[in-house]
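Structure file run-v9.cif (mmCIF, C-alpha atoms) follows.
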data_input
#
loop_
_atom_site.label_atom_id
_atom_site.label_comp_id
_atom_site.auth_asym_id
_atom_site.auth_seq_id
_atom_site.Cartn_x
_atom_site.Cartn_y
_atom_site.Cartn_z
CA MET Z 1 122.99 128.09 112.06
CA ALA Z 2 123.29 128.65 108.33
CA SER Z 3 119.82 128.67 106.80
CA LEU Z 4 119.22 127.42 103.29
CA SER Z 5 118.24 130.01 100.68
CA PRO Z 6 118.51 130.31 96.90
CA ALA Z 7 121.71 131.89 95.57
CA ARG Z 8 119.79 133.95 93.01
CA THR Z 9 116.08 134.37 92.34
CA LYS Z 10 114.28 135.59 89.22
CA TYR Z 11 111.86 137.66 91.32
CA ARG Z 12 112.66 138.97 94.79
CA LYS Z 13 109.19 138.48 96.34
CA SER Z 14 106.33 136.12 95.59
CA GLN Z 15 102.62 135.87 96.35
CA LYS Z 16 101.37 133.46 98.99
CA GLY Z 17 99.68 130.99 96.62
CA SER Z 18 97.75 127.92 97.74
CA LEU Z 19 98.89 124.50 98.85
CA LYS Z 20 96.21 122.11 97.61
CA GLY Z 21 96.42 118.45 96.72
CA ASN Z 22 99.08 115.86 97.32
CA ALA Z 23 102.69 115.72 96.12
CA LYS Z 24 102.68 114.37 92.56
CA ARG Z 25 106.43 114.44 92.17
CA GLY Z 26 109.14 113.63 94.67
CA ASN Z 27 106.80 111.22 96.47
CA THR Z 28 108.92 108.08 96.14
CA LEU Z 29 112.39 107.06 97.24
CA ALA Z 30 114.85 107.98 94.50
CA PHE Z 31 118.31 107.50 96.03
CA GLY Z 32 118.43 105.85 99.43
CA GLU Z 33 117.04 102.87 101.26
CA PHE Z 34 115.03 104.82 103.81
CA GLY Z 35 113.09 108.05 103.72
CA LEU Z 36 111.11 110.55 105.73
CA GLN Z 37 107.79 111.30 104.05
CA SER Z 38 105.46 114.12 105.01
CA LEU Z 39 101.83 113.27 105.76
CA SER Z 40 100.50 116.80 106.06
CA ARG Z 41 101.10 120.12 104.35
CA GLY Z 42 102.76 123.37 105.20
CA PRO Z 43 105.79 125.57 104.66
CA MET Z 44 109.17 124.19 105.73
CA THR Z 45 111.71 126.92 106.36
CA GLY Z 46 115.37 126.74 105.48
CA ARG Z 47 116.16 126.75 109.20
CA GLN Z 48 113.91 123.75 109.81
CA ILE Z 49 115.58 121.83 106.96
CA GLU Z 50 118.99 122.65 108.41
CA ALA Z 51 117.93 121.74 111.96
CA ALA Z 52 116.63 118.37 110.78
CA ARG Z 53 119.79 117.78 108.73
CA VAL Z 54 122.04 118.51 111.71
CA CYS Z 55 119.90 116.24 113.88
CA ILE Z 56 120.24 113.35 111.42
CA ALA Z 57 123.98 113.94 110.83
CA ARG Z 58 124.69 113.93 114.59
CA HIS Z 59 122.83 110.70 115.10
CA LEU Z 60 124.58 108.99 112.16
CA LYS Z 61 128.06 109.79 113.54
CA ARG Z 62 129.78 110.03 110.15
CA LYS Z 63 128.08 106.94 108.77
CA GLY Z 64 125.65 106.62 105.90
CA LYS Z 65 124.69 109.05 103.19
CA LEU Z 66 121.93 111.63 103.47
CA TRP Z 67 119.97 113.18 100.63
CA ILE Z 68 117.88 116.32 101.15
CA ARG Z 69 115.01 116.16 98.67
CA VAL Z 70 113.46 119.58 99.34
CA PHE Z 71 114.80 123.11 98.91
CA PRO Z 72 113.34 126.41 100.15
CA HIS Z 73 112.67 128.25 96.89
CA LYS Z 74 109.79 130.44 98.02
CA PRO Z 75 110.54 133.82 99.65
CA VAL Z 76 108.42 134.90 102.63
CA THR Z 77 108.18 138.60 103.44
CA LYS Z 78 107.48 140.31 106.73
CA LYS Z 79 106.89 143.89 107.73
CA PRO Z 80 109.05 145.17 110.57
CA ALA Z 81 107.56 145.54 114.05
CA GLU Z 82 105.45 148.64 114.86
CA VAL Z 83 105.01 149.64 111.25
CA ARG Z 84 101.62 150.89 109.99
CA MET Z 85 99.90 149.03 107.17
CA GLY Z 86 100.58 150.18 103.62
CA SER Z 87 103.78 151.53 102.13
CA GLY Z 88 104.30 148.39 100.13
CA LYS Z 89 105.24 144.80 100.82
CA GLY Z 90 107.76 144.03 103.55
CA GLY Z 91 111.24 142.71 103.02
CA VAL Z 92 112.17 139.08 102.44
CA GLU Z 93 112.54 137.47 105.86
CA TYR Z 94 113.27 133.85 105.01
CA TYR Z 95 112.68 131.17 102.38
CA VAL Z 96 110.40 128.13 102.59
CA ALA Z 97 109.82 124.85 100.77
CA GLN Z 98 106.13 124.21 100.21
CA ILE Z 99 105.47 120.69 101.38
CA LYS Z 100 102.44 118.67 100.31
CA PRO Z 101 101.39 115.29 101.76
CA GLY Z 102 103.47 112.50 100.25
CA ALA Z 103 106.64 114.54 99.66
CA VAL Z 104 109.84 112.72 100.56
CA LEU Z 105 111.92 115.18 102.62
CA PHE Z 106 115.08 113.22 103.40
CA GLU Z 107 116.60 109.94 102.26
CA LEU Z 108 119.25 107.82 103.89
CA GLY Z 109 121.46 105.02 102.62
CA GLY Z 110 124.30 102.88 103.90
CA VAL Z 111 123.00 102.56 107.47
CA PRO Z 112 120.94 99.89 109.27
CA SER Z 113 117.20 100.35 109.54
CA THR Z 114 117.25 100.98 113.30
CA ILE Z 115 119.73 103.86 113.03
CA ALA Z 116 117.84 105.40 110.11
CA LYS Z 117 114.53 105.14 111.97
CA GLU Z 118 115.88 106.81 115.09
CA ALA Z 119 117.63 109.55 113.07
CA PHE Z 120 114.39 110.34 111.26
CA ARG Z 121 112.41 110.27 114.51
CA LEU Z 122 114.72 112.93 115.91
CA ALA Z 123 114.51 114.96 112.69
CA ASP Z 124 110.71 114.69 112.66
CA ALA Z 125 110.63 116.47 116.02
CA LYS Z 126 112.15 119.54 114.33
CA LEU Z 127 109.51 119.69 111.63
CA PRO Z 128 106.12 121.39 111.71
CA PHE Z 129 104.18 118.50 110.23
CA LYS Z 130 103.47 114.82 110.65
CA CYS Z 131 105.89 112.50 108.89
CA ARG Z 132 106.42 108.78 108.49
CA PHE Z 133 109.38 106.50 107.96
CA ILE Z 134 109.43 104.70 104.61
CA VAL Z 135 111.59 101.84 103.38
CA ARG Z 136 112.46 100.86 99.82
CA GLU Z 137 110.44 97.88 98.64
CA GLY Z 138 112.50 94.70 98.68
CA SER Z 139 115.07 96.23 101.00
CA ALA Z 140 116.76 93.84 103.40
CA ALA Z 141 115.65 96.03 106.31
CA MET O 1 113.63 79.47 87.71
CA THR O 2 112.52 79.10 91.30
CA GLN O 3 109.13 77.72 92.28
CA ALA O 4 106.40 79.69 90.51
CA LEU O 5 103.87 81.53 92.62
CA SER O 6 100.22 81.62 91.58
CA LEU O 7 97.65 84.37 91.29
CA THR O 8 93.98 84.25 90.29
CA ILE O 9 92.83 86.80 87.74
CA THR O 10 89.29 87.80 86.73
CA PRO O 11 88.46 89.46 83.40
CA ARG O 12 87.18 93.01 83.69
CA ALA O 13 84.87 94.47 81.06
CA GLN O 14 84.70 98.12 82.02
CA THR O 15 87.61 100.52 82.00
CA GLY O 16 88.18 104.09 83.11
CA ARG O 17 88.38 105.99 86.33
CA SER O 18 84.91 105.30 87.77
CA ALA O 19 84.94 101.62 86.77
CA SER O 20 88.38 101.24 88.39
CA ARG O 21 87.10 102.92 91.55
CA ARG O 22 84.20 100.46 91.68
CA VAL O 23 86.69 97.59 91.37
CA ARG O 24 88.83 98.99 94.19
CA LYS O 25 85.76 99.39 96.41
CA VAL O 26 85.13 95.62 96.39
CA ASN O 27 88.71 94.95 97.57
CA GLN O 28 90.08 94.17 94.12
CA ILE O 29 92.84 95.82 92.12
CA PRO O 30 92.37 96.88 88.50
CA ALA O 31 95.16 95.39 86.43
CA ILE O 32 96.24 94.73 82.86
CA LEU O 33 97.87 91.67 81.35
CA TYR O 34 99.87 92.09 78.17
CA GLY O 35 102.50 90.20 76.27
CA LYS O 36 104.22 89.77 72.93
CA HIS O 37 101.79 87.21 71.60
CA THR O 38 98.48 88.24 73.20
CA ASN O 39 96.23 91.26 73.07
CA PRO O 40 96.18 93.39 76.20
CA GLN O 41 93.50 92.20 78.60
CA THR O 42 91.99 94.27 81.39
CA ILE O 43 91.71 92.15 84.51
CA ALA O 44 91.01 92.43 88.22
CA ILE O 45 92.95 90.73 91.00
CA ASP O 46 92.03 90.11 94.60
CA ALA O 47 93.81 92.69 96.82
CA PRO O 48 94.47 90.45 99.87
CA GLU O 49 95.73 87.65 97.62
CA PHE O 50 98.04 90.07 95.82
CA THR O 51 99.33 91.43 99.14
CA ARG O 52 100.13 87.88 100.27
CA LEU O 53 101.84 87.20 96.95
CA LEU O 54 104.01 90.32 97.24
CA LYS O 55 105.01 89.29 100.75
CA SER O 56 106.27 85.94 99.46
CA VAL O 57 107.93 87.62 96.46
CA ALA O 58 109.76 89.92 98.96
CA GLY O 59 111.18 92.24 96.32
CA ARG O 60 112.68 89.45 94.21
CA ALA O 61 112.16 88.99 90.47
CA LEU O 62 109.94 85.93 90.23
CA ILE O 63 107.69 84.37 87.63
CA ILE O 64 104.04 84.14 88.64
CA GLU O 65 101.58 81.54 87.35
CA LEU O 66 98.25 83.14 86.47
CA ASN O 67 95.03 81.14 86.91
CA ARG O 68 92.07 82.51 85.01
CA LYS O 69 88.78 82.39 86.89
CA ASP O 70 86.67 82.00 83.72
CA SER O 71 88.75 79.30 82.02
CA ALA O 72 91.30 76.60 82.79
CA ASP O 73 94.05 78.40 80.81
CA LYS O 74 97.23 79.20 82.66
CA ALA O 75 99.83 81.79 81.84
CA LEU O 76 103.26 82.77 83.09
CA SER O 77 103.90 86.40 83.88
CA PHE O 78 105.85 88.81 86.02
CA VAL O 79 104.88 92.05 87.73
CA GLN O 80 106.00 94.83 85.43
CA GLU O 81 104.69 97.77 87.48
CA ILE O 82 102.74 98.44 90.66
CA GLN O 83 101.05 101.78 91.13
CA ARG O 84 100.36 102.71 94.74
CA ASP O 85 98.85 105.66 96.50
CA PRO O 86 101.93 107.46 97.87
CA ILE O 87 100.27 108.26 101.19
CA THR O 88 97.99 105.33 101.98
CA ASP O 89 100.15 102.74 100.14
CA LYS O 90 96.98 101.15 98.72
CA PHE O 91 97.32 99.47 95.33
CA LEU O 92 95.93 101.53 92.47
CA HIS O 93 96.86 99.44 89.45
CA VAL O 94 99.08 96.52 88.50
CA ASP O 95 100.75 95.72 85.18
CA LEU O 96 101.44 92.04 84.49
CA GLN O 97 103.55 90.99 81.52
CA GLU O 98 102.92 87.59 80.04
CA VAL O 99 105.97 85.50 79.12
CA LYS O 100 106.58 82.20 77.38
CA ALA O 101 108.71 79.52 79.02
CA ASN O 102 110.88 79.15 75.90
CA GLU O 103 111.26 82.82 75.07
CA LYS O 104 113.71 85.35 76.49
CA LEU O 105 112.32 88.17 78.61
CA GLU O 106 113.65 91.51 79.79
CA ILE O 107 113.11 92.27 83.45
CA ASN O 108 114.48 94.47 86.24
CA VAL O 109 116.14 92.35 88.92
CA PRO O 110 116.97 93.88 92.31
CA ILE O 111 120.54 93.73 93.57
CA SER O 112 121.65 92.31 96.89
CA ILE O 113 124.87 93.53 98.52
CA VAL O 114 127.06 90.78 99.96
CA GLY O 115 129.88 91.36 102.44
CA GLU O 116 131.33 94.47 104.00
CA ALA O 117 133.51 96.63 101.80
CA TYR O 118 137.17 97.16 102.71
CA GLY O 119 136.66 100.90 102.24
CA ILE O 120 133.96 100.94 104.91
CA LYS O 121 135.56 98.56 107.35
CA THR O 122 139.02 100.10 107.47
CA GLN O 123 138.94 103.41 105.58
CA GLY O 124 135.75 104.89 107.03
CA GLY O 125 133.86 105.27 103.76
CA VAL O 126 130.15 105.04 103.04
CA LEU O 127 128.55 102.56 100.66
CA GLU O 128 126.36 104.17 98.03
CA THR O 129 124.06 102.09 95.87
CA SER O 130 123.61 103.98 92.61
CA THR O 131 121.55 101.30 90.85
CA HIS O 132 118.98 99.40 92.86
CA THR O 133 117.76 97.19 90.00
CA LEU O 134 119.53 95.83 86.93
CA ARG O 135 117.84 95.20 83.60
CA VAL O 136 118.54 91.66 82.42
CA ARG O 137 117.54 89.50 79.44
CA CYS O 138 117.17 85.76 79.98
CA LEU O 139 114.92 82.74 79.71
CA PRO O 140 112.37 82.36 82.55
CA LYS O 141 114.21 79.23 83.75
CA ASP O 142 117.47 81.21 84.11
CA LEU O 143 115.94 84.21 85.86
CA PRO O 144 117.88 85.04 89.06
CA PRO O 145 115.57 86.28 91.84
CA LEU O 146 118.34 88.61 93.04
CA ILE O 147 121.72 89.62 91.68
CA GLU O 148 124.27 89.25 94.43
CA ILE O 149 127.07 91.78 94.35
CA ASP O 150 130.15 91.12 96.42
CA VAL O 151 131.65 94.39 97.65
CA THR O 152 134.30 92.94 99.96
CA ASP O 153 137.26 94.18 97.87
CA LEU O 154 135.83 97.64 97.20
CA LYS O 155 138.16 100.38 98.50
CA ILE O 156 137.37 104.01 99.17
CA ASN O 157 136.53 106.12 96.07
CA GLU O 158 136.10 102.95 94.02
CA SER O 159 132.91 101.84 92.36
CA LEU O 160 131.64 98.69 90.75
CA LYS O 161 130.21 99.15 87.25
CA VAL O 162 127.87 96.94 85.23
CA ALA O 163 130.79 95.74 83.09
CA GLY O 164 132.60 94.59 86.24
CA LEU O 165 129.78 92.37 87.51
CA LYS O 166 130.20 88.62 87.77
CA ALA O 167 128.63 86.89 84.76
CA ILE O 168 125.58 84.70 85.41
CA ALA O 169 124.92 81.73 83.11
CA GLY O 170 122.14 82.50 80.61
CA VAL O 171 121.72 86.08 81.82
CA GLU O 172 122.65 89.13 79.77
CA PHE O 173 122.95 92.58 81.39
CA ARG O 174 121.14 95.25 79.38
CA ASP O 175 122.31 98.35 81.26
CA ALA O 176 125.18 100.47 79.91
CA PRO O 177 128.53 98.81 80.78
CA GLY O 178 129.83 102.03 82.32
CA GLN O 179 126.86 102.49 84.65
CA PRO O 180 127.96 102.46 88.29
CA VAL O 181 126.13 100.02 90.57
CA VAL O 182 127.72 100.46 93.99
CA GLY O 183 130.57 102.59 95.25
CA VAL O 184 132.36 103.52 98.43
CA LEU O 185 132.43 107.26 99.00
CA SER O 186 134.59 109.22 101.37
CA ILE O 187 132.56 111.38 103.74
CA ALA O 188 135.44 113.80 104.41
CA ALA O 189 134.38 116.18 101.60
CA GLU O 190 130.90 116.59 103.09
CA GLU O 191 132.24 117.21 106.60
CA VAL O 192 134.59 119.94 105.37
CA ALA O 193 131.87 121.69 103.35
CA THR O 194 129.52 122.17 106.29
CA PRO O 195 131.75 124.29 108.60
CA ALA O 196 132.91 126.39 105.62
CA ALA O 197 129.28 127.19 104.74
CA GLY O 198 128.61 128.04 108.38
CA ALA O 199 131.59 130.42 108.50
CA ALA O 200 130.47 132.16 105.30
CA ALA O 201 127.00 132.67 106.74
CA GLY O 202 128.49 133.98 109.97
CA ALA O 203 130.54 136.54 108.07
CA ALA O 204 127.45 137.63 106.13
CA THR O 205 125.47 138.08 109.36
CA ALA O 206 128.28 140.15 110.86
CA ALA O 207 128.27 142.39 107.77
CA ALA O 208 124.48 142.85 108.09
CA GLY O 209 124.92 143.69 111.76
CA ALA O 210 127.43 146.38 110.88
CA ALA O 211 125.04 147.89 108.31
CA ALA O 212 122.02 147.88 110.63
CA PRO O 213 123.21 150.45 113.23
CA ALA O 214 123.95 152.90 110.44
CA ALA O 215 120.34 152.64 109.23
CA GLY O 216 118.78 152.89 112.66
CA ALA O 217 121.08 155.35 114.48
CA ALA O 218 118.13 157.38 115.86
CA ALA O 219 115.94 154.35 116.51
CA LYS O 220 114.72 153.16 119.94
CA PRO O 221 116.19 149.98 121.49
CA GLY O 222 112.99 148.13 120.45
CA ASP O 223 113.52 149.10 116.86
CA ALA O 224 117.07 147.82 116.91
CA LYS O 225 115.68 144.33 117.28
CA ALA O 226 113.79 144.68 113.99
CA ALA O 227 116.81 146.14 112.25
CA ALA O 228 119.11 143.37 113.46
CA GLY O 229 116.67 140.78 112.11
CA ALA O 230 117.27 142.00 108.57
CA LYS O 231 118.84 139.55 106.16
CA PRO O 232 122.20 140.21 104.48
CA GLY O 233 121.62 142.28 101.36
CA ASP O 234 118.13 143.29 102.52
CA ALA O 235 118.89 146.90 103.45
CA LYS O 236 115.27 147.95 102.81
CA ALA O 237 114.07 145.76 105.68
CA ALA O 238 116.28 147.65 108.10
CA ALA O 239 115.34 151.10 106.83
CA PRO O 240 111.57 151.03 107.71
CA ALA O 241 112.45 150.22 111.31
CA ALA O 242 114.07 153.62 111.62
CA LYS O 243 111.04 155.48 110.15
CA PRO O 244 108.59 155.45 113.11
CA ALA O 245 111.29 156.52 115.53
CA ALA O 246 112.21 159.43 113.32
CA LYS O 247 108.55 160.58 113.21
CA LYS O 248 108.37 160.82 117.02
#
Translate the structure of the given file into structure tokens.
Amino acid sequence: MASLSPARTKYRKSQKGSLKGNAKRGNTLAFGEFGLQSLSRGPMTGRQIEAARVCIARHLKRKGKLWIRVFPHKPVTKKPAEVRMGSGKGGVEYYVAQIKPGAVLFELGGVPSTIAKEAFRLADAKLPFKCRFIVREGSAA
Amino acid sequence: MTQALSLTITPRAQTGRSASRRVRKVNQIPAILYGKHTNPQTIAIDAPEFTRLLKSVAGRALIIELNRKDSADKALSFVQEIQRDPITDKFLHVDLQEVKANEKLEINVPISIVGEAYGIKTQGGVLETSTHTLRVRCLPKDLPPLIEIDVTDLKINESLKVAGLKAIAGVEFRDAPGQPVVGVLSIAAEEVATPAAGAAAGAATAAAGAAAPAAGAAAKPGDAKAAAGAKPGDAKAAAPAAKPAAKK
């Protein structure tokens, strides 16, 4: 499975940083009628994004339009197995998107509410945090 | 203008974060009422009453009749903005704009899609709504609660722009004429892109696999696992795996 990662980064490795507060941007529906919103925080790897995308796409059966609102920009490093501490930081293992509560992860349009809800329920199972299904205000659904 | 809904408003003297929090604690929503002919007024509205009102509004653009608690004055207004907590969905603040019955107003009106597009029914396309609300200018009596857009004749790779919308008596569209509203997209392009990306990634992984044995030729079978886990272009990650084996 192809995992998402940036094509080019300014710096190869980054510090861990903290993940405080709620999502201030990207916390509302911008494109579609329905969305999957995170309710807790944590890193979301490129593989998890791809797994959720595949899950949604398979359920939709070539109907509807999907928007992925998050991208794994942050590199995560790991030292190889059985290596003593020291000798510098490990190599980049994978990339993650840092998700805060309120962030809209995926959006869907052009499908009925029931299909969108089921697709997001299946996608939610692939993700490491609690999510909820949101609907655009005034939507016919 | 359809039947006006009513809402009771109470004047609010204090402003700021802590005063607003106190208002929210007693199940009210801090709000502001402004208009062309009046000074902005800070007000409070009852949260359950506002929730009921929004339910009857159901996403449509409607004029609301405001009843002041302290006086018998009435005013016409519409909901300009609602601020909500993105996680709890509780109301944080509401903006109400006062309007006059004989004066034109500018308001965002939601669109409503009517019919099934030809491009979806027979050509297997997907309907994309690019603009969910349209900015219109009209008198309160002419205000349409929804703008119905008929997409029945829309074929694949075609879109309906603001200039192509059906004219409504007394209503003027304020958005750019070239702005797309709805379109039917073909999903073939997306389907083709996904396997191609997968193949490219597969080729990259194969290349990394070929590089890894060279780095860890003297390594134990356990170390090979670490070397194989290295990402394409991350030769350094494969190299340390070989180090401990070489020491032994």
Neighbour list for Ile56 in chain Z as a ChimeraX atom specification, cut-off 8 Å, all atoms listed in the file, skip fewer than 4 positions in-chain
/Z:52,60,119-120,122-123
Grab the CA of Glu107 in chain Z to CA of Ile134 in chain Z distance for me, in Å with one decimal place.
9.2 Å
Around the point (98.1, 108.2, 103.9) in the file's coordinates, collect all residues with an atom within 12 Å, using all atoms listed in the file, and return them as number ranges by chain.
Z: 22-23, 27, 37-40, 100-103, 130-132, 134; O: 84-90
Residue subset to file, keeping C-alpha atoms, as a JSON list (two decimals), in the coordinates of the input:
[["chain", "number", "residue", "atom", "x", "y", "z"],
["Z", 22, "ASN", "CA", 99.08, 115.86, 97.32],
["Z", 23, "ALA", "CA", 102.69, 115.72, 96.12],
["Z", 27, "ASN", "CA", 106.80, 111.22, 96.47],
["Z", 37, "GLN", "CA", 107.79, 111.30, 104.05],
["Z", 38, "SER", "CA", 105.46, 114.12, 105.01],
["Z", 39, "LEU", "CA", 101.83, 113.27, 105.76],
["Z", 40, "SER", "CA", 100.50, 116.80, 106.06],
["Z", 100, "LYS", "CA", 102.44, 118.67, 100.31],
["Z", 101, "PRO", "CA", 101.39, 115.29, 101.76],
["Z", 102, "GLY", "CA", 103.47, 112.50, 100.25],
["Z", 103, "ALA", "CA", 106.64, 114.54, 99.66],
["Z", 130, "LYS", "CA", 103.47, 114.82, 110.65],
["Z", 131, "CYS", "CA", 105.89, 112.50, 108.89],
["Z", 132, "ARG", "CA", 106.42, 108.78, 108.49],
["Z", 134, "ILE", "CA", 109.43, 104.70, 104.61],
["O", 84, "ARG", "CA", 100.36, 102.71, 94.74],
["O", 85, "ASP", "CA", 98.85, 105.66, 96.50],
["O", 86, "PRO", "CA", 101.93, 107.46, 97.87],
["O", 87, "ILE", "CA", 100.27, 108.26, 101.19],
["O", 88, "THR", "CA", 97.99, 105.33, 101.98],
["O", 89, "ASP", "CA", 100.15, 102.74, 100.14],
["O", 90, "LYS", "CA", 96.98, 101.15, 98.72]]
Neighbouring residues of Arg52 in chain O were defined as those with any atom within 12 Å, considering all atoms listed in the file; residues of the same chain fewer than 5 positions away were excluded. Please report them as an MDAnalysis selection string.
chainID O and resid 5:7 46:47 57:58
Could you write those residues out with C-alpha atoms, as a short mmCIF file (atom, residue, chain, number, x, y, z; two decimals), in the coordinates of the input?
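This is the output file again19.cif:
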data_model
loop_
_atom_site.label_atom_id
_atom_site.label_comp_id
_atom_site.auth_asym_id
_atom_site.auth_seq_id
_atom_site.Cartn_x
_atom_site.Cartn_y
_atom_site.Cartn_z
CA LEU O 5 103.87 81.53 92.62
CA SER O 6 100.22 81.62 91.58
CA LEU O 7 97.65 84.37 91.29
CA ASP O 46 92.03 90.11 94.60
CA ALA O 47 93.81 92.69 96.82
CA VAL O 57 107.93 87.62 96.46
CA ALA O 58 109.76 89.92 98.96
#
Check: which chain Z residues lie within 6 Å of chain O using all atoms listed in the file, as a list in words:
Ala2, Gly64, Pro80, Gly91, Gly102, Gly110 and Gly138 of chain Z
Sphere at (105.2, 99.8, 86.6), radius 10 Å, counting only C-alpha atoms: residues as a ChimeraX atom specification:
/O:79-84,93-96
List, as a ChimeraX atom specification, every residue that the PyMOL selection byres ((chain Z and resi 15) around 12) selects in the file provided.
/Z:11-14,16-18,74-77,89,92
Dump C-alpha atoms for the selected residues as a PDB file, in the coordinates of the input?
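The result, stored in selection_3.pdb:
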ATOM      1  CA  TYR Z  11     111.860 137.660  91.320  1.00  0.00           C
ATOM      2  CA  ARG Z  12     112.660 138.970  94.790  1.00  0.00           C
ATOM      3  CA  LYS Z  13     109.190 138.480  96.340  1.00  0.00           C
ATOM      4  CA  SER Z  14     106.330 136.120  95.590  1.00  0.00           C
ATOM      5  CA  LYS Z  16     101.370 133.460  98.990  1.00  0.00           C
ATOM      6  CA  GLY Z  17      99.680 130.990  96.620  1.00  0.00           C
ATOM      7  CA  SER Z  18      97.750 127.920  97.740  1.00  0.00           C
ATOM      8  CA  LYS Z  74     109.790 130.440  98.020  1.00  0.00           C
ATOM      9  CA  PRO Z  75     110.540 133.820  99.650  1.00  0.00           C
ATOM     10  CA  VAL Z  76     108.420 134.900 102.630  1.00  0.00           C
ATOM     11  CA  THR Z  77     108.180 138.600 103.440  1.00  0.00           C
ATOM     12  CA  LYS Z  89     105.240 144.800 100.820  1.00  0.00           C
ATOM     13  CA  VAL Z  92     112.170 139.080 102.440  1.00  0.00           C
TER      14      VAL Z  92
END
Evaluate the PyMOL selection byres ((chain O and resi 41) around 9) on the structure here and hand back the selected residues as a VMD selection string.
chain O and resid 11 to 12 31 to 34 38 to 40 42 to 43
Please, could you write that set of residues out with C-alpha atoms as an mmCIF file, keeping the file's coordinate frame?
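Result file is out32.cif:
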data_model
loop_
_atom_site.group_PDB
_atom_site.id
_atom_site.type_symbol
_atom_site.label_atom_id
_atom_site.label_comp_id
_atom_site.auth_asym_id
_atom_site.auth_seq_id
_atom_site.Cartn_x
_atom_site.Cartn_y
_atom_site.Cartn_z
ATOM 1 C CA PRO O 11 88.460 89.460 83.400
ATOM 2 C CA ARG O 12 87.180 93.010 83.690
ATOM 3 C CA ALA O 31 95.160 95.390 86.430
ATOM 4 C CA ILE O 32 96.240 94.730 82.860
ATOM 5 C CA LEU O 33 97.870 91.670 81.350
ATOM 6 C CA TYR O 34 99.870 92.090 78.170
ATOM 7 C CA THR O 38 98.480 88.240 73.200
ATOM 8 C CA ASN O 39 96.230 91.260 73.070
ATOM 9 C CA PRO O 40 96.180 93.390 76.200
ATOM 10 C CA THR O 42 91.990 94.270 81.390
ATOM 11 C CA ILE O 43 91.710 92.150 84.510
#
Which centre and which edge lengths, in Å to one decimal, describe the axis-aligned box that holds all listed atoms of range 18-26 of chain O after 3 Å is added on each side, as AutoDock Vina command-line options?
--center_x 86.5 --center_y 100.5 --center_z 91.6 --size_x 10.6 --size_y 15.7 --size_z 15.6
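The residues returned by the PyMOL selection byres ((chain O and resi 135-140) around 9) on the shown structure are Met1, Leu62, Ile63, Val99, Lys100, Ala101, Asn102, Glu103, Lys104, Leu105, Glu106, Ile107, Asn108, Val109, Pro110, Thr133, Leu134, Lys141, Asp142, Leu143, Pro144, Gly170, Val171, Glu172, Phe173, Arg174 and Asp175 of chain O.
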CA of Glu93 in chain Z and CA of Val54 in chain Z, how far apart in Å?
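So the two atoms, CA of Val54 in chain Z and CA of Glu93 in chain Z, lie 22.0 Å apart.
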Between CA of Ser186 in chain O and CA of Ala97 in chain Z, what is the distance in Å, rounded to a tenth?
29.3 Å
Residue nearest Leu19 in chain Z - candidates Z:Val135, Z:Gly42, Z:Leu108, Z:Leu4, atoms counted: all atoms listed in the file
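The shortest atom-to-atom distance to Leu19 in chain Z comes from Z:Gly42.
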